[in-house]
Amino acid sequence: MEECFRWYGTNDPVPLSHIRQAGATGIVSALHHIYDGSPWPEDQILAQKALIEAAGMRWSVVESIPVHNAIKLATTDSDRNIGWYKDTLRALGRAGISIVCYNFMPVVDWTRTDLMQPLPNGGYALRFDAVDFAAYDLFVLNRPRVEESYTEQQILDARQRFERMDEATISRIERNLIAGLPATERQFDRASFLAALAEYDGVTAEILHDNLARFLREIVPVAEEAGIRLCIHPDDPAFSLYGLPRIVSTPADVRRILAAVDSPANGITFCTGSYGTRADNDLPAMARELAPRIHFAHLRNVQREDDGSFYEADHLGGSSDLPAVILALLEEQERRINEGRADWQIPLRPDHGHLLADDIGKDRINPGYSLIGRLKGLAEIRGVMQGIATVLAHKA
C-alpha cells in the first residue's frame, strides 16, 4: 500500500521534510483554511500540490472537502453548496488528484474527552471516556430530552462522576468536546453548540441517510467525469452522540451507502479506529467484504472498555486485529493488479499516534498528529506489510 502522512498545510507543526524522513511517499491534505463550503480556487490547489511535490512526495488524498451543514440538513441553501462541492471536485480532477475523503457526521466530527491520557510507557494517548461524556451531556450541557439517550445506570454513574468534577475538569472536557479538534469544520461555545444541536431536532437516521443519498446522486457523476474516487469516512466514535443520528457506523450502514449510487466512484475510507469502537464490527470480515470499494485506509487501533469508553492503543495492540485487516487490503491490491488496473494501490496513513519522546511538552502539537507517534505507527504497519509479503513469497 502507499504509505502516506496527514499534513495540515504550512501551519502544521510537522513540516513536510520530517514527513519525508518518516518514509512516507504520499501526503493526505486539504485546503484547511477553506471550511465554509465555498469552492477551492484552482490556483491554491496547484500551489499546495507544488509544495508537496517540491518536498519529494505527492498529494495522494484530499482529506477532506467539508460537507456543509446545509447539505446534511437539505436546506434551501444545499443546492448552492452542492454546486460548490462539484466545482472543487472538478478543480481537483484537473490537478490530477484522484481520491477524496469526506464525512457526513452531524455537528461534531471525531470526538474525545481526554487528549492526554497517560500511558504506562510515559507517553500519552487520546481517550473517549463514556462516563465523562455523559456527565458533561447530562449535567453541564443539559440539552433538551437528554435523559432519553441514557439508561438509568448510565445516568447514575454520570451523576457520581459529575459530583467529583471541579471547574477545571469541566472546562477541560468541554474544550475537548466542542471547541474544535484538528480537521473539524466548526468550533463552538456552549450556547452556539446547543443551537447547532437544535437544528437537527426531528432529523432521524433515515432522514440523514436520505440527505446523504441525495448528495451522492449529485456528486458521484461529477466525480466519475473528473476521475475521482470518493470515500466516506465512518463516524468516530461509531455510535450516537448528543442524541444525533450517525449513519456510517456498521457494515449495514456501508452497504446502504454504496447501494445508494452503485459506482466505483462511490467508495469508503476504511478507518480501523472508528469502526473498531464497536465490538460488533468484525473488522477483518468488513475489510474482505468491502475491499473493492475501499479507496483509502486509516490504520490505527483502539482499546475498548466495557462501559463504551476507549483509548487509542498501539497500532498493533488494542481490540482489533490490524494485521488481518492489512492482509485483506493487500489481497485486494493483488486482485486489482490481476485485473490490470492502474489504480491498484490503496493509500494508507497511520492515525492518532501517541504523544511520545521529545514531542511531549512542545508548544505546538495537533492532538493525535504529532510526528514520533505516527512515525512509530507507520513503521509497525510497514513491518506487517513486509512480513506478509515475505510469507506469501515463500509460499509461492
# chains A, B, ... in the order shown; residues from 1 in each chain; ligands from 1

call {"tool": "residues_around", "arguments": {"residues": "A:Ser309", "least_positions_apart": "3", "cutoff": "12 Å", "atoms": "only C-alpha atoms", "output": "VMD selection string"}}
result
chain A and resid 111 to 114 126 to 134 237 to 239 276 to 279 302 to 306 312

call {"tool": "write_last_selection", "arguments": {"atoms": "N, CA and C atoms", "output": "PDB file, in the first residue's frame"}}
result
ATOM      1  N   THR A 111     -14.475  12.769  18.133  1.00  0.00           N
ATOM      2  CA  THR A 111     -14.750  13.290  19.466  1.00  0.00           C
ATOM      3  C   THR A 111     -13.960  12.521  20.523  1.00  0.00           C
ATOM      4  N   ARG A 112     -13.252  13.267  21.376  1.00  0.00           N
ATOM      5  CA  ARG A 112     -12.537  12.688  22.505  1.00  0.00           C
ATOM      6  C   ARG A 112     -12.742  13.584  23.729  1.00  0.00           C
ATOM      7  N   THR A 113     -12.761  12.951  24.900  1.00  0.00           N
ATOM      8  CA  THR A 113     -12.887  13.711  26.142  1.00  0.00           C
ATOM      9  C   THR A 113     -11.539  14.067  26.745  1.00  0.00           C
ATOM     10  N   ASP A 114     -10.488  13.305  26.427  1.00  0.00           N
ATOM     11  CA  ASP A 114      -9.169  13.487  27.038  1.00  0.00           C
ATOM     12  C   ASP A 114      -8.111  13.399  25.945  1.00  0.00           C
ATOM     13  N   LEU A 126      -4.967   9.664  23.150  1.00  0.00           N
ATOM     14  CA  LEU A 126      -6.307  10.233  23.122  1.00  0.00           C
ATOM     15  C   LEU A 126      -7.282   9.227  23.722  1.00  0.00           C
ATOM     16  N   ARG A 127      -8.317   9.754  24.402  1.00  0.00           N
ATOM     17  CA  ARG A 127      -9.268   8.867  25.070  1.00  0.00           C
ATOM     18  C   ARG A 127     -10.683   9.424  24.955  1.00  0.00           C
ATOM     19  N   PHE A 128     -11.638   8.536  24.790  1.00  0.00           N
ATOM     20  CA  PHE A 128     -13.045   8.866  24.929  1.00  0.00           C
ATOM     21  C   PHE A 128     -13.556   8.151  26.169  1.00  0.00           C
ATOM     22  N   ASP A 129     -13.884   8.936  27.189  1.00  0.00           N
ATOM     23  CA  ASP A 129     -14.419   8.372  28.424  1.00  0.00           C
ATOM     24  C   ASP A 129     -15.934   8.529  28.391  1.00  0.00           C
ATOM     25  N   ALA A 130     -16.647   7.415  28.293  1.00  0.00           N
ATOM     26  CA  ALA A 130     -18.100   7.459  28.123  1.00  0.00           C
ATOM     27  C   ALA A 130     -18.799   8.056  29.332  1.00  0.00           C
ATOM     28  N   VAL A 131     -18.250   7.865  30.534  1.00  0.00           N
ATOM     29  CA  VAL A 131     -18.883   8.407  31.731  1.00  0.00           C
ATOM     30  C   VAL A 131     -18.652   9.919  31.810  1.00  0.00           C
ATOM     31  N   ASP A 132     -17.435  10.374  31.503  1.00  0.00           N
ATOM     32  CA  ASP A 132     -17.177  11.814  31.446  1.00  0.00           C
ATOM     33  C   ASP A 132     -18.068  12.481  30.409  1.00  0.00           C
ATOM     34  N   PHE A 133     -18.206  11.827  29.262  1.00  0.00           N
ATOM     35  CA  PHE A 133     -19.043  12.397  28.211  1.00  0.00           C
ATOM     36  C   PHE A 133     -20.491  12.527  28.687  1.00  0.00           C
ATOM     37  N   ALA A 134     -21.016  11.468  29.286  1.00  0.00           N
ATOM     38  CA  ALA A 134     -22.394  11.513  29.763  1.00  0.00           C
ATOM     39  C   ALA A 134     -22.571  12.556  30.855  1.00  0.00           C
ATOM     40  N   PRO A 237     -16.706   8.451  17.461  1.00  0.00           N
ATOM     41  CA  PRO A 237     -16.922   7.007  17.503  1.00  0.00           C
ATOM     42  C   PRO A 237     -18.152   6.588  16.721  1.00  0.00           C
ATOM     43  N   ALA A 238     -18.258   5.290  16.514  1.00  0.00           N
ATOM     44  CA  ALA A 238     -19.292   4.762  15.627  1.00  0.00           C
ATOM     45  C   ALA A 238     -20.584   4.473  16.388  1.00  0.00           C
ATOM     46  N   PHE A 239     -21.031   5.474  17.122  1.00  0.00           N
ATOM     47  CA  PHE A 239     -22.320   5.397  17.810  1.00  0.00           C
ATOM     48  C   PHE A 239     -22.796   6.814  18.071  1.00  0.00           C
ATOM     49  N   GLY A 276     -13.587   0.258  14.824  1.00  0.00           N
ATOM     50  CA  GLY A 276     -13.176  -0.559  15.963  1.00  0.00           C
ATOM     51  C   GLY A 276     -13.734  -0.117  17.293  1.00  0.00           C
ATOM     52  N   THR A 277     -14.420   1.030  17.356  1.00  0.00           N
ATOM     53  CA  THR A 277     -15.039   1.443  18.615  1.00  0.00           C
ATOM     54  C   THR A 277     -16.275   0.619  18.944  1.00  0.00           C
ATOM     55  N   ARG A 278     -16.742  -0.189  17.985  1.00  0.00           N
ATOM     56  CA  ARG A 278     -17.898  -1.074  18.205  1.00  0.00           C
ATOM     57  C   ARG A 278     -17.422  -2.526  18.256  1.00  0.00           C
ATOM     58  N   ALA A 279     -17.766  -3.220  19.336  1.00  0.00           N
ATOM     59  CA  ALA A 279     -17.368  -4.623  19.453  1.00  0.00           C
ATOM     60  C   ALA A 279     -18.077  -5.506  18.441  1.00  0.00           C
ATOM     61  N   VAL A 302      -7.862   0.918  18.706  1.00  0.00           N
ATOM     62  CA  VAL A 302      -8.385   1.420  19.970  1.00  0.00           C
ATOM     63  C   VAL A 302      -8.570   0.257  20.929  1.00  0.00           C
ATOM     64  N   GLN A 303      -8.399   0.559  22.206  1.00  0.00           N
ATOM     65  CA  GLN A 303      -8.696  -0.417  23.253  1.00  0.00           C
ATOM     66  C   GLN A 303     -10.067  -0.080  23.827  1.00  0.00           C
ATOM     67  N   ARG A 304     -11.034  -0.959  23.557  1.00  0.00           N
ATOM     68  CA  ARG A 304     -12.386  -0.748  24.067  1.00  0.00           C
ATOM     69  C   ARG A 304     -12.482  -1.151  25.528  1.00  0.00           C
ATOM     70  N   GLU A 305     -13.409  -0.488  26.235  1.00  0.00           N
ATOM     71  CA  GLU A 305     -13.699  -0.824  27.624  1.00  0.00           C
ATOM     72  C   GLU A 305     -15.182  -1.146  27.745  1.00  0.00           C
ATOM     73  N   ASP A 306     -15.570  -1.816  28.808  1.00  0.00           N
ATOM     74  CA  ASP A 306     -16.924  -2.362  28.921  1.00  0.00           C
ATOM     75  C   ASP A 306     -18.007  -1.291  28.936  1.00  0.00           C
ATOM     76  N   GLU A 312      -6.824   5.357  22.370  1.00  0.00           N
ATOM     77  CA  GLU A 312      -6.001   4.999  21.219  1.00  0.00           C
ATOM     78  C   GLU A 312      -4.840   4.126  21.689  1.00  0.00           C
TER      79      GLU A 312
END

call {"tool": "select_by_dssp", "arguments": {"residues": "stretch 211-358 of chain A", "states": "helix (DSSP H, G or I)", "output": "PyMOL selection string"}}
result
chain A and resi 211-226+251-260+272-275+283-293+322-338+357-358

call {"tool": "atom_distance", "arguments": {"atom1": "atom CA of A:Ile207", "atom2": "atom CA of A:Ile247"}}
result
10.1 Å

call {"tool": "select_by_dssp", "arguments": {"residues": "stretch 189-286 of chain A", "states": "strand (DSSP E or B)", "output": "list in words"}}
result
Arg229, Leu230, Cys231, Ile232, Asn266, Gly267, Ile268, Thr269, Phe270 and Cys271 of chain A

call {"tool": "write_last_selection", "arguments": {"atoms": "C-alpha atoms", "output": "compact mmCIF listing (two decimals), in the first residue's frame"}}
result
# COMPACT_ATOMS: atom_id res chain seq x y z
CA ARG A 229 -12.88 8.19 -6.25
CA LEU A 230 -14.91 9.40 -3.28
CA CYS A 231 -14.51 7.62 0.06
CA ILE A 232 -16.74 8.36 3.02
CA ASN A 266 -18.71 5.90 -4.52
CA GLY A 267 -16.40 4.22 -2.05
CA ILE A 268 -15.25 4.24 1.55
CA THR A 269 -12.37 5.16 3.80
CA PHE A 270 -11.73 2.10 5.93
CA CYS A 271 -10.82 3.53 9.35

call {"tool": "closest_residue", "arguments": {"among": "A:Gly273, A:Gly83, A:Gly383, A:Gly26", "to": "A:Val222", "atoms": "only C-alpha atoms"}}
result
A:Gly83

call {"tool": "closest_residue", "arguments": {"among": "A:Ala198, A:Tyr124, A:Met116, A:Arg172", "to": "A:Arg145", "atoms": "only C-alpha atoms"}}
result
A:Ala198

call {"tool": "residues_around", "arguments": {"residues": "A:Glu174", "least_positions_apart": "3", "cutoff": "12 Å", "atoms": "only C-alpha atoms", "output": "list in words"}}
result
Thr111, Arg112, Thr113, Asp114, Leu115, Asp132, Phe133, Ala134, Ala135, Tyr136, Asp137, Phe139, Val140, Leu141, Glu167, Ala168, Thr169, Ile170, Ser171, Leu177, Ile178, Ala179, Gly180, Leu181, Gln187, Phe188, Asp189, Arg190 and Phe193 of chain A

call {"tool": "write_last_selection", "arguments": {"atoms": "C-alpha atoms", "output": "JSON list (two decimals), in the first residue's frame"}}
result
[["chain", "number", "residue", "atom", "x", "y", "z"],
["A", 111, "THR", "CA", -14.75, 13.29, 19.47],
["A", 112, "ARG", "CA", -12.54, 12.69, 22.50],
["A", 113, "THR", "CA", -12.89, 13.71, 26.14],
["A", 114, "ASP", "CA", -9.17, 13.49, 27.04],
["A", 115, "LEU", "CA", -6.24, 14.45, 24.81],
["A", 132, "ASP", "CA", -17.18, 11.81, 31.45],
["A", 133, "PHE", "CA", -19.04, 12.40, 28.21],
["A", 134, "ALA", "CA", -22.39, 11.51, 29.76],
["A", 135, "ALA", "CA", -21.66, 13.69, 32.79],
["A", 136, "TYR", "CA", -20.99, 16.66, 30.53],
["A", 137, "ASP", "CA", -24.00, 15.98, 28.31],
["A", 139, "PHE", "CA", -25.31, 17.97, 33.82],
["A", 140, "VAL", "CA", -23.32, 20.67, 32.03],
["A", 141, "LEU", "CA", -24.70, 20.96, 28.52],
["A", 167, "GLU", "CA", -14.49, 23.58, 37.36],
["A", 168, "ALA", "CA", -11.08, 23.00, 35.76],
["A", 169, "THR", "CA", -12.03, 19.43, 34.84],
["A", 170, "ILE", "CA", -15.37, 20.50, 33.40],
["A", 171, "SER", "CA", -13.70, 23.27, 31.41],
["A", 177, "LEU", "CA", -15.62, 18.16, 23.13],
["A", 178, "ILE", "CA", -16.84, 21.31, 21.42],
["A", 179, "ALA", "CA", -14.01, 23.80, 20.89],
["A", 180, "GLY", "CA", -12.69, 22.01, 17.81],
["A", 181, "LEU", "CA", -10.05, 19.32, 17.22],
["A", 187, "GLN", "CA", -15.92, 25.48, 16.68],
["A", 188, "PHE", "CA", -18.48, 26.28, 19.35],
["A", 189, "ASP", "CA", -19.14, 27.75, 22.72],
["A", 190, "ARG", "CA", -21.90, 26.20, 24.84],
["A", 193, "PHE", "CA", -23.35, 24.28, 20.31]]

call {"tool": "residues_around", "arguments": {"residues": "A:Ala260", "least_positions_apart": "6", "cutoff": "8 Å", "atoms": "only C-alpha atoms", "output": "list in words"}}
result
Ala213, Leu216 and Arg217 of chain A
